[in-house]
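Student: My structure file model.cif, mmCIF, C-alpha atoms, is below:
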```
data_data
loop_
_atom_site.label_atom_id
_atom_site.label_comp_id
_atom_site.auth_asym_id
_atom_site.auth_seq_id
_atom_site.Cartn_x
_atom_site.Cartn_y
_atom_site.Cartn_z
CA MET U 23 28.15 -47.73 -14.43
CA LYS U 24 28.17 -48.45 -18.17
CA ARG U 25 30.79 -45.75 -18.61
CA VAL U 26 32.92 -47.22 -15.80
CA ILE U 27 32.86 -50.64 -17.51
CA ILE U 28 33.82 -49.12 -20.87
CA ASN U 29 36.64 -47.19 -19.17
CA ILE U 30 37.92 -50.36 -17.47
CA PHE U 31 38.21 -52.20 -20.78
CA THR U 32 39.66 -49.17 -22.56
CA THR U 33 42.46 -48.72 -20.03
CA THR U 34 43.07 -52.48 -19.87
CA GLY U 35 43.57 -52.51 -23.62
CA LEU U 36 45.78 -49.44 -23.42
CA ALA U 37 47.89 -50.97 -20.64
CA LEU U 38 48.38 -54.16 -22.64
CA VAL U 39 49.45 -52.22 -25.72
CA ILE U 40 51.93 -50.13 -23.71
CA LEU U 41 53.25 -53.20 -21.90
CA SER U 42 53.73 -55.01 -25.20
CA ALA U 43 55.51 -51.99 -26.65
CA ILE U 44 57.81 -51.81 -23.64
CA SER U 45 58.60 -55.52 -23.78
CA ILE U 46 59.38 -55.29 -27.51
CA ALA U 47 61.53 -52.19 -26.95
CA LEU U 48 63.46 -53.69 -24.08
CA THR U 49 63.47 -57.21 -25.61
CA MET U 50 64.32 -58.31 -22.15
CA PHE U 51 61.29 -59.91 -20.74
CA TYR U 52 58.50 -62.11 -21.78
CA ILE U 53 54.96 -61.65 -20.58
CA PRO U 54 52.77 -64.76 -20.26
CA PHE U 55 49.74 -63.35 -22.01
CA SER U 56 46.72 -65.00 -20.43
CA HIS U 57 47.69 -64.37 -16.80
CA THR U 58 48.79 -60.82 -17.51
CA VAL U 59 45.55 -59.88 -19.24
CA LEU U 60 43.48 -60.96 -16.24
CA GLN U 61 45.85 -59.32 -13.77
CA ILE U 62 45.81 -56.05 -15.70
CA LEU U 63 42.03 -56.28 -15.99
CA GLY U 64 41.84 -56.81 -12.23
CA ALA U 65 44.11 -53.83 -11.60
CA ASN U 66 41.93 -51.67 -13.86
CA VAL U 67 38.74 -52.77 -12.10
CA VAL U 68 40.26 -51.76 -8.74
CA ILE U 69 41.58 -48.50 -10.19
CA HIS U 70 38.33 -47.43 -11.81
CA LEU U 71 36.14 -48.34 -8.86
CA GLY U 72 38.49 -46.41 -6.59
CA LEU U 73 38.49 -43.41 -8.92
CA PHE U 74 34.70 -43.54 -9.05
CA LEU U 75 34.65 -43.09 -5.26
CA ILE U 76 37.49 -40.54 -5.17
CA ARG U 77 35.72 -38.37 -7.75
CA LYS U 78 32.72 -37.97 -5.45
CA PHE U 79 34.86 -35.49 -3.55
CA GLU U 80 35.64 -32.28 -5.35
CA SER U 81 38.35 -29.81 -4.47
CA ARG U 82 38.65 -26.18 -5.48
CA TYR U 83 42.14 -27.03 -6.73
CA ILE U 84 42.14 -29.32 -9.78
CA PHE U 85 45.85 -29.96 -9.22
CA LEU U 86 45.13 -31.72 -5.91
CA GLU U 87 42.46 -33.89 -7.52
CA VAL U 88 44.84 -34.92 -10.31
CA LEU U 89 47.61 -35.66 -7.81
CA LEU U 90 45.32 -37.77 -5.64
CA GLU U 91 44.07 -39.77 -8.63
CA ILE U 92 47.55 -40.42 -10.01
CA ALA U 93 48.83 -41.37 -6.54
CA TYR U 94 45.97 -43.84 -6.10
CA ILE U 95 46.63 -45.40 -9.53
CA MET U 96 50.32 -45.81 -8.72
CA VAL U 97 49.61 -47.41 -5.35
CA VAL U 98 47.28 -49.95 -6.98
CA LEU U 99 49.81 -50.72 -9.73
CA VAL U 100 52.67 -51.14 -7.24
CA VAL U 101 50.55 -53.44 -5.05
CA PHE U 102 49.57 -55.55 -8.05
CA HIS U 103 53.18 -55.65 -9.20
CA LEU U 104 54.32 -56.83 -5.75
CA VAL U 105 51.58 -59.46 -5.57
CA PHE U 106 51.95 -60.80 -9.12
CA ASP U 107 55.65 -60.00 -9.70
CA TRP U 108 54.98 -58.57 -13.14
CA PHE U 109 58.55 -58.09 -14.24
CA TYR U 110 59.85 -61.39 -12.91
CA ARG U 111 62.78 -59.48 -11.39
CA TRP U 112 64.51 -59.17 -14.75
CA LEU U 113 64.80 -55.44 -14.31
CA SER U 114 66.11 -53.42 -11.40
CA PRO U 115 63.46 -52.39 -8.84
CA LEU U 116 63.91 -48.76 -9.87
CA ALA U 117 63.36 -49.59 -13.54
CA GLU U 118 60.26 -51.60 -12.66
CA ILE U 119 58.78 -48.73 -10.66
CA GLY U 120 59.79 -46.30 -13.41
CA ILE U 121 57.91 -48.34 -16.01
CA LEU U 122 54.83 -48.60 -13.77
CA VAL U 123 54.87 -44.85 -13.05
CA SER U 124 55.27 -44.02 -16.76
CA MET U 125 52.42 -46.37 -17.69
CA ALA U 126 50.20 -44.86 -15.00
CA VAL U 127 50.89 -41.32 -16.19
CA ILE U 128 50.39 -42.17 -19.89
CA ILE U 129 47.13 -44.02 -19.29
CA TYR U 130 45.88 -41.31 -16.94
CA MET U 131 46.64 -38.58 -19.47
CA VAL U 132 44.91 -40.46 -22.26
CA THR U 133 41.79 -40.96 -20.15
CA MET U 134 41.88 -37.30 -19.01
CA PHE U 135 42.04 -36.26 -22.65
CA LEU U 136 39.10 -38.53 -23.52
CA ARG U 137 37.15 -37.22 -20.52
CA MET U 138 37.75 -33.61 -21.51
CA GLY U 139 36.55 -34.45 -25.02
CA ARG U 140 33.33 -35.92 -23.60
CA ILE U 141 32.79 -32.88 -21.36
CA ARG U 142 33.26 -30.58 -24.34
CA GLU U 143 30.68 -32.58 -26.31
CA ASP U 144 28.21 -32.34 -23.41
CA VAL U 145 28.79 -28.58 -23.12
CA ASN U 146 28.24 -28.11 -26.89
CA GLU U 147 25.03 -30.12 -26.67
CA ILE U 148 23.81 -27.98 -23.75
CA ASN U 149 24.59 -24.75 -25.60
CA LYS U 150 22.68 -25.98 -28.68
CA LEU U 151 19.66 -26.78 -26.48
CA LEU U 152 19.91 -23.33 -24.87
CA GLU U 153 20.08 -21.69 -28.29
CA LYS U 154 17.01 -23.63 -29.43
CA ARG U 155 15.16 -22.64 -26.25
CA ASN U 156 16.12 -18.97 -26.56
CA LYS U 157 14.99 -18.87 -30.22
CA LYS U 158 11.53 -20.09 -29.17
CA THR U 159 11.23 -17.28 -26.61
CA MET K 19 1.65 -18.79 -29.48
CA ILE K 20 -1.03 -16.13 -29.18
CA VAL K 21 -1.09 -14.09 -25.97
CA LYS K 22 -4.30 -12.29 -25.06
CA LEU K 23 -4.98 -10.09 -22.03
CA VAL K 24 -8.63 -9.59 -21.11
CA GLN K 25 -9.60 -7.22 -18.31
CA ASP K 26 -12.63 -8.36 -16.34
CA MET K 27 -13.51 -6.17 -13.38
CA SER K 28 -15.84 -8.80 -11.95
CA VAL K 29 -13.15 -11.35 -11.09
CA ALA K 30 -11.75 -11.28 -7.56
CA GLU K 31 -8.49 -13.06 -8.41
CA THR K 32 -6.40 -13.08 -11.59
CA GLU K 33 -7.08 -16.23 -13.60
CA ILE K 34 -4.79 -17.56 -16.30
CA LEU K 35 -6.28 -19.92 -18.88
CA ILE K 36 -3.98 -21.70 -21.34
CA LYS K 37 -5.66 -23.25 -24.38
CA TYR K 38 -3.66 -25.96 -26.16
CA ASN K 39 -4.35 -28.81 -28.52
CA GLU K 40 -1.24 -30.78 -27.50
CA MET K 41 0.81 -30.73 -24.31
CA THR K 42 4.18 -29.68 -25.79
CA GLU K 43 7.43 -28.60 -24.15
CA ASP K 44 6.45 -24.98 -24.78
CA VAL K 45 3.13 -25.38 -22.96
CA ILE K 46 4.87 -27.02 -20.01
CA ARG K 47 7.49 -24.29 -19.92
CA VAL K 48 4.96 -21.48 -20.03
CA THR K 49 2.93 -23.15 -17.27
CA GLU K 50 5.99 -23.55 -15.04
CA MET K 51 7.07 -19.97 -15.72
CA ILE K 52 3.68 -18.65 -14.67
CA LYS K 53 3.75 -20.78 -11.53
CA SER K 54 7.23 -19.53 -10.68
CA ALA K 55 6.12 -15.91 -11.16
CA THR K 56 3.51 -16.36 -8.45
CA THR K 57 5.62 -18.45 -6.06
CA ARG K 58 7.47 -16.49 -3.42
CA ILE K 59 9.93 -17.31 -0.68
CA LYS K 60 10.70 -15.47 2.52
CA CYS K 61 14.14 -13.90 2.51
CA THR K 62 16.03 -11.50 4.72
CA CYS K 63 18.20 -8.59 3.77
CA ASP K 64 19.68 -5.53 5.46
CA SER K 65 16.33 -3.78 5.40
CA GLY K 66 14.47 -6.71 6.95
CA GLU K 67 12.27 -9.47 5.59
CA LYS K 68 11.07 -9.64 2.04
CA LEU K 69 9.01 -11.98 -0.11
CA VAL K 70 10.97 -12.67 -3.29
CA ASN K 71 9.41 -14.04 -6.48
CA VAL K 72 11.04 -17.32 -7.38
CA SER K 73 11.09 -16.28 -11.04
CA ASP K 74 13.36 -13.34 -10.10
CA ILE K 75 15.95 -15.64 -8.52
CA TYR K 76 18.98 -16.49 -10.59
CA TYR K 77 20.55 -18.99 -8.23
CA PHE K 78 20.85 -20.16 -4.64
CA GLU K 79 24.22 -20.72 -3.07
CA SER K 80 25.03 -22.42 0.20
CA VAL K 81 28.04 -21.03 2.07
CA ASP K 82 28.92 -21.82 5.69
CA LYS K 83 25.51 -23.44 6.30
CA MET K 84 23.73 -20.30 5.07
CA THR K 85 21.74 -20.11 1.86
CA PHE K 86 22.14 -16.99 -0.21
CA VAL K 87 19.59 -15.97 -2.82
CA TYR K 88 21.01 -14.21 -5.87
CA CYS K 89 18.65 -12.18 -7.98
CA GLY K 90 19.75 -9.99 -10.90
CA LYS K 91 21.27 -7.32 -8.70
CA GLU K 92 20.22 -8.08 -5.14
CA VAL K 93 21.38 -10.76 -2.76
CA TYR K 94 19.27 -12.09 0.10
CA LYS K 95 19.49 -14.80 2.71
CA THR K 96 17.00 -17.54 3.33
CA ASP K 97 16.54 -20.36 5.83
CA ILE K 98 15.62 -22.85 3.15
CA ARG K 99 18.25 -25.52 2.59
CA LEU K 100 19.51 -26.49 -0.86
CA TYR K 101 17.94 -29.94 -0.85
CA GLN K 102 14.56 -28.34 -0.03
CA ILE K 103 15.00 -25.92 -2.92
CA VAL K 104 15.67 -28.80 -5.30
CA ASN K 105 12.64 -30.71 -3.98
CA ASP K 106 10.22 -27.76 -3.86
CA PHE K 107 11.32 -25.80 -6.92
CA GLY K 108 12.80 -28.45 -9.19
CA HIS K 109 9.64 -28.43 -11.33
CA LEU K 110 10.03 -24.63 -11.72
CA GLY K 111 13.39 -24.97 -13.41
CA PHE K 112 15.78 -25.01 -10.47
CA VAL K 113 18.59 -27.48 -11.00
CA GLN K 114 21.55 -28.34 -8.81
CA ILE K 115 24.75 -27.54 -10.70
CA SER K 116 27.32 -28.06 -7.97
CA LYS K 117 27.48 -29.19 -4.36
CA SER K 118 26.64 -25.69 -3.16
CA CYS K 119 24.62 -24.13 -5.96
CA VAL K 120 21.13 -24.49 -7.38
CA LEU K 121 20.54 -22.58 -10.60
CA ASN K 122 17.37 -21.23 -12.19
CA MET K 123 17.60 -22.66 -15.70
CA ASN K 124 15.68 -19.67 -17.07
CA ALA K 125 18.60 -17.48 -15.99
CA LEU K 126 21.17 -19.62 -17.80
CA ASP K 127 22.66 -18.12 -20.94
CA SER K 128 25.47 -20.52 -21.83
CA VAL K 129 27.97 -23.02 -20.45
CA SER K 130 31.68 -23.03 -21.24
CA THR K 131 34.71 -25.15 -20.40
CA LEU K 132 37.74 -23.64 -18.70
CA PRO K 133 41.37 -24.57 -19.46
CA ASN K 134 41.74 -26.56 -16.24
CA SER K 135 38.80 -28.84 -17.22
CA ARG K 136 36.39 -26.89 -15.03
CA MET K 137 33.13 -25.51 -16.35
CA GLU K 138 31.26 -22.33 -15.77
CA ALA K 139 27.75 -21.18 -16.52
CA THR K 140 27.18 -17.63 -17.76
CA LEU K 141 23.91 -16.17 -16.57
CA LYS K 142 21.71 -13.59 -18.29
CA ASN K 143 23.24 -10.81 -16.15
CA ASN K 144 26.74 -11.98 -17.27
CA GLU K 145 27.52 -13.39 -13.86
CA LYS K 146 29.46 -16.64 -13.93
CA VAL K 147 28.95 -19.62 -11.64
CA HIS K 148 30.95 -22.81 -11.34
CA VAL K 149 29.38 -26.00 -12.75
CA SER K 150 30.52 -29.33 -11.42
CA ARG K 151 30.99 -32.06 -14.03
CA LYS K 152 29.08 -34.40 -11.76
CA TYR K 153 25.94 -32.26 -12.20
CA LEU K 154 26.33 -31.50 -15.90
CA GLU K 155 23.86 -34.27 -16.67
CA ASN K 156 21.23 -32.46 -14.52
CA ILE K 157 21.43 -29.43 -16.79
CA LYS K 158 21.13 -31.55 -19.93
CA SER K 159 18.12 -33.51 -18.70
CA ALA K 160 16.40 -30.33 -17.50
CA LEU K 161 16.80 -28.81 -20.98
CA TYR K 162 15.50 -31.98 -22.65
CA LYS K 163 12.46 -31.89 -20.36
CA GLY K 164 11.79 -28.41 -21.67
CA VAL K 165 12.77 -26.36 -18.64
#
```
Would you mind writing the file out in structure tokens?
Tutor:
Amino acid sequence: MKRVIINIFTTTGLALVILSAISIALTMFYIPFSHTVLQILGANVVIHLGLFLIRKFESRYIFLEVLLEIAYIMVVLVVFHLVFDWFYRWLSPLAEIGILVSMAVIIYMVTMFLRMGRIREDVNEINKLLEKRNKKT
Amino acid sequence: MIVKLVQDMSVAETEILIKYNEMTEDVIRVTEMIKSATTRIKCTCDSGEKLVNVSDIYYFESVDKMTFVYCGKEVYKTDIRLYQIVNDFGHLGFVQISKSCVLNMNALDSVSTLPNSRMEATLKNNEKVHVSRKYLENIKSALYKGV
């Protein structure tokens, strides 16, 4: 659970940075900060709790797992966008969806990268313990 | 660690006495290894029923509601379910490493990551078994406990 909470705040921060970068790049829309932070935090809570449940099921094909997770993230982001009207209709619907999809993919890839790093650390730790055990015998 | 073997023709049953001044991980491991060497389970194979030493088992795998017992070279079947194996033999070094596999930690040689973020465990006979990331923590805590 501690890891889930850390992940929620990490991806919330990441989403805010990306959103700020996009708004600066497009110089087309203004994001009211306080509401957006809470909405993005809410979206991340829903995303991470959902992923926590989705990851209980494992498939032989990693590609299917990745697809399912990305699809779930996009559905949550689209729902939140429709509910909170994140882009205030200053962009075309296609552009809005495009931005959401890009954000979802970027954030997902960053978290995948971080997760793989953690797994590698765990595996190295296990191998060191095995080496220590084998030296004793 | 000093190992002594003393033959005594008067004893009816083999007795193992471990002298220690402190209960360390090594003492626990040796004790569990001895227990596992004398624990057997009933298995079936082509030639009929057989009692297999738990210490000879590398891993159990559940496929289509059947539990297969993998030793170094032989494969058997048993009626014992995976959750029973974890409950009954967990203290002997058997750890669940995926939804369908329980591994004997004494048979584990190393763990490696695969390019598609999967993991596999290499056993002492060079066989490889899939490790689920959900159960990676089980392997770590078993090693810290001295299994």
Student: Could you give me, as a tab-separated table, every chain U residue with an atom at most 9 Å from chain K, plus its closest atom pair and distance in Å to one decimal, counting all atoms listed in the file, rows ordered by chain then number?
Tutor:
```
residue	atom	partner	partner_atom	distance
U:Arg77	CA	K:Lys152	CA	8.7
U:Lys78	CA	K:Lys152	CA	8.1
U:Glu80	CA	K:Ser150	CA	8.5
U:Ile84	CA	K:Asn134	CA	7.0
U:Phe85	CA	K:Asn134	CA	8.8
U:Met138	CA	K:Ser135	CA	6.5
U:Ile141	CA	K:Arg151	CA	7.6
U:Arg142	CA	K:Thr131	CA	6.9
U:Asp144	CA	K:Leu154	CA	7.8
U:Val145	CA	K:Val129	CA	6.2
U:Asn146	CA	K:Val129	CA	8.2
U:Glu147	CA	K:Lys158	CA	7.9
U:Ile148	CA	K:Lys158	CA	5.9
U:Asn149	CA	K:Ser128	CA	5.7
U:Leu151	CA	K:Leu161	CA	6.5
U:Leu152	CA	K:Ser128	CA	6.9
U:Glu153	CA	K:Ser128	CA	8.5
U:Arg155	CA	K:Gly164	CA	8.1
U:Asn156	CA	K:Asp127	CA	8.7
U:Lys158	CA	K:Asp44	CA	8.3
```
Student: Restricting it to C-alpha atoms, dump the selection as a compact mmCIF listing (two decimals), in the frame of the given file.
Tutor:
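To be explicit, this is the file written out as selection.txt:
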```txt
# COMPACT_ATOMS: atom_id res chain seq x y z
CA ARG U 77 35.72 -38.37 -7.75
CA LYS U 78 32.72 -37.97 -5.45
CA GLU U 80 35.64 -32.28 -5.35
CA ILE U 84 42.14 -29.32 -9.78
CA PHE U 85 45.85 -29.96 -9.22
CA MET U 138 37.75 -33.61 -21.51
CA ILE U 141 32.79 -32.88 -21.36
CA ARG U 142 33.26 -30.58 -24.34
CA ASP U 144 28.21 -32.34 -23.41
CA VAL U 145 28.79 -28.58 -23.12
CA ASN U 146 28.24 -28.11 -26.89
CA GLU U 147 25.03 -30.12 -26.67
CA ILE U 148 23.81 -27.98 -23.75
CA ASN U 149 24.59 -24.75 -25.60
CA LEU U 151 19.66 -26.78 -26.48
CA LEU U 152 19.91 -23.33 -24.87
CA GLU U 153 20.08 -21.69 -28.29
CA ARG U 155 15.16 -22.64 -26.25
CA ASN U 156 16.12 -18.97 -26.56
CA LYS U 158 11.53 -20.09 -29.17
```
Student: In Å, how far is it from CA of Lys22 (chain K) to CA of Thr57 (chain K)?
Tutor: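 Atom-to-atom, CA of Lys22 (chain K) to CA of Thr57 (chain K), that is 22.3 Å.
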Student: May I ask for the distance between CA of Arg58 (chain K) and CA of Val72 (chain K), given in Å to one decimal place?
Tutor: 5.4 Å
Student: Apply the PyMOL selection byres ((chain K and resi 87) around 7) to the displayed file and report the matching residues as number ranges by chain.
Tutor: K: 75, 77-79, 85-86, 88-89, 93-96
Student: Keeping only C-alpha atoms, write those residues as a JSON list (two decimals), in the coordinates of the input.
Tutor:
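Output file out.json is given in full below:
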```
[["chain", "number", "residue", "atom", "x", "y", "z"],
["K", 75, "ILE", "CA", 15.95, -15.64, -8.52],
["K", 77, "TYR", "CA", 20.55, -18.99, -8.23],
["K", 78, "PHE", "CA", 20.85, -20.16, -4.64],
["K", 79, "GLU", "CA", 24.22, -20.72, -3.07],
["K", 85, "THR", "CA", 21.74, -20.11, 1.86],
["K", 86, "PHE", "CA", 22.14, -16.99, -0.21],
["K", 88, "TYR", "CA", 21.01, -14.21, -5.87],
["K", 89, "CYS", "CA", 18.65, -12.18, -7.98],
["K", 93, "VAL", "CA", 21.38, -10.76, -2.76],
["K", 94, "TYR", "CA", 19.27, -12.09, 0.10],
["K", 95, "LYS", "CA", 19.49, -14.80, 2.71],
["K", 96, "THR", "CA", 17.00, -17.54, 3.33]]
```
Student: When the PyMOL selection byres ((chain K and resi 121) around 7) is applied to the file above, which residues end up in the set, as a list in words?
Tutor: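 The output of the PyMOL selection byres ((chain K and resi 121) around 7) on this file is Tyr76, Tyr77, Phe78, Phe112, Val113, Gln114, Ile115, Cys119, Val120, Asn122 and Met123 of chain K.
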Student: Within 12 Å of Ile128 (chain U), counting all atoms listed in the file, which residues qualify if same-chain residues fewer than 4 places away don't, as a PDB file with C-alpha atoms, in the frame of the given file?
Tutor:
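As a result, result-v7.pdb now contains:
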```pdb
ATOM      1  CA  THR U  33      42.460 -48.720 -20.030  1.00  0.00           C
ATOM      2  CA  LEU U  36      45.780 -49.440 -23.420  1.00  0.00           C
ATOM      3  CA  ALA U  37      47.890 -50.970 -20.640  1.00  0.00           C
ATOM      4  CA  VAL U  39      49.450 -52.220 -25.720  1.00  0.00           C
ATOM      5  CA  ILE U  40      51.930 -50.130 -23.710  1.00  0.00           C
ATOM      6  CA  LEU U  41      53.250 -53.200 -21.900  1.00  0.00           C
ATOM      7  CA  ILE U  92      47.550 -40.420 -10.010  1.00  0.00           C
ATOM      8  CA  ILE U  95      46.630 -45.400  -9.530  1.00  0.00           C
ATOM      9  CA  MET U  96      50.320 -45.810  -8.720  1.00  0.00           C
ATOM     10  CA  ILE U 121      57.910 -48.340 -16.010  1.00  0.00           C
ATOM     11  CA  LEU U 122      54.830 -48.600 -13.770  1.00  0.00           C
ATOM     12  CA  VAL U 123      54.870 -44.850 -13.050  1.00  0.00           C
ATOM     13  CA  SER U 124      55.270 -44.020 -16.760  1.00  0.00           C
ATOM     14  CA  VAL U 132      44.910 -40.460 -22.260  1.00  0.00           C
ATOM     15  CA  THR U 133      41.790 -40.960 -20.150  1.00  0.00           C
ATOM     16  CA  MET U 134      41.880 -37.300 -19.010  1.00  0.00           C
ATOM     17  CA  PHE U 135      42.040 -36.260 -22.650  1.00  0.00           C
TER      18      PHE U 135
END
```
Student: Applying the PyMOL selection byres ((chain U and resi 31) around 12) to the file I just gave you, which residues come out? Please list them as a list in words.
Tutor: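 What the PyMOL selection byres ((chain U and resi 31) around 12) grabs from the file is Lys24, Arg25, Val26, Ile27, Ile28, Asn29, Ile30, Thr32, Thr33, Thr34, Gly35, Leu36, Ala37, Leu38, Val59, Leu60, Ile62, Leu63, Gly64, Ala65, Asn66, Val67, Ile69, His70 and Thr133 of chain U.
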Student: For a test of reading the model, state the distance in Å between CA of Ala55 (chain K) and CA of Val149 (chain K), rounded to one decimal.
Tutor: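 The value is 25.4 Å.
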Student: Just need the box for region 114-124 of chain U, edges along x, y and z, holding every atom the file lists for it with 8 Å tacked onto each side, so centre and edge lengths in Å to one decimal, as AutoDock Vina command-line options.
Tutor:
```
--center_x 60.5 --center_y -48.7 --center_z -12.8 --size_x 27.3 --size_y 25.4 --size_z 23.9
```
Student: For each of K:Tyr153, K:Leu132, K:Thr42, K:Glu92, take the minimum atom-to-atom distance to Lys68 (chain K), counting only C-alpha atoms, then give the residue where this is smallest.
Tutor: K:Glu92
Student: List the residues sitting within 8 Å of (48.3, -62.0, -11.8) in the file's frame, using only C-alpha atoms, as an MDAnalysis selection string.
Tutor: chainID U and resid 57:58 60:62 102 105:108
Student: Counting only C-alpha atoms, which of U:Val97, U:Val88, U:Leu113, U:Leu48 gets nearest to Met131 (chain U)?
Tutor: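 Among the listed residues, U:Val88 lies closest to Met131 (chain U).
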Student: Can you give me all heavy atoms for region 58-65 of chain U, written as a short mmCIF file (atom, residue, chain, number, x, y, z; two decimals), in the frame of the given file?
Tutor:
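Now in part13.cif:
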```
data_model
loop_
_atom_site.label_atom_id
_atom_site.label_comp_id
_atom_site.auth_asym_id
_atom_site.auth_seq_id
_atom_site.Cartn_x
_atom_site.Cartn_y
_atom_site.Cartn_z
N THR U 58 48.58 -62.28 -17.56
CA THR U 58 48.79 -60.82 -17.51
C THR U 58 47.50 -60.08 -17.84
O THR U 58 47.18 -59.08 -17.21
CB THR U 58 49.89 -60.40 -18.48
OG1 THR U 58 51.01 -61.24 -18.29
CG2 THR U 58 50.28 -58.96 -18.27
N VAL U 59 46.78 -60.57 -18.84
CA VAL U 59 45.55 -59.88 -19.24
C VAL U 59 44.59 -59.81 -18.06
O VAL U 59 44.02 -58.76 -17.75
CB VAL U 59 44.87 -60.63 -20.42
CG1 VAL U 59 43.46 -60.09 -20.66
CG2 VAL U 59 45.69 -60.49 -21.68
N LEU U 60 44.42 -60.94 -17.38
CA LEU U 60 43.48 -60.96 -16.24
C LEU U 60 43.98 -60.11 -15.09
O LEU U 60 43.20 -59.43 -14.43
CB LEU U 60 43.25 -62.40 -15.78
CG LEU U 60 42.52 -63.29 -16.78
CD1 LEU U 60 42.47 -64.73 -16.29
CD2 LEU U 60 41.09 -62.79 -17.03
N GLN U 61 45.30 -60.13 -14.87
CA GLN U 61 45.85 -59.32 -13.77
C GLN U 61 45.69 -57.84 -14.07
O GLN U 61 45.32 -57.06 -13.20
CB GLN U 61 47.34 -59.65 -13.55
CG GLN U 61 47.55 -61.02 -12.92
CD GLN U 61 48.96 -61.53 -13.14
OE1 GLN U 61 49.85 -60.79 -13.57
NE2 GLN U 61 49.18 -62.81 -12.87
N ILE U 62 45.96 -57.47 -15.32
CA ILE U 62 45.81 -56.05 -15.70
C ILE U 62 44.34 -55.65 -15.65
O ILE U 62 43.99 -54.54 -15.22
CB ILE U 62 46.43 -55.78 -17.08
CG1 ILE U 62 47.96 -55.89 -16.96
CG2 ILE U 62 46.03 -54.42 -17.62
CD1 ILE U 62 48.70 -55.70 -18.25
N LEU U 63 43.47 -56.56 -16.08
CA LEU U 63 42.03 -56.28 -15.99
C LEU U 63 41.63 -56.07 -14.54
O LEU U 63 40.91 -55.14 -14.19
CB LEU U 63 41.24 -57.43 -16.61
CG LEU U 63 39.71 -57.29 -16.60
CD1 LEU U 63 39.26 -56.11 -17.44
CD2 LEU U 63 39.04 -58.58 -17.11
N GLY U 64 42.14 -56.94 -13.66
CA GLY U 64 41.84 -56.81 -12.23
C GLY U 64 42.33 -55.49 -11.67
O GLY U 64 41.62 -54.80 -10.93
N ALA U 65 43.55 -55.12 -12.07
CA ALA U 65 44.11 -53.83 -11.60
C ALA U 65 43.24 -52.68 -12.07
O ALA U 65 42.96 -51.74 -11.33
CB ALA U 65 45.54 -53.66 -12.12
#
```
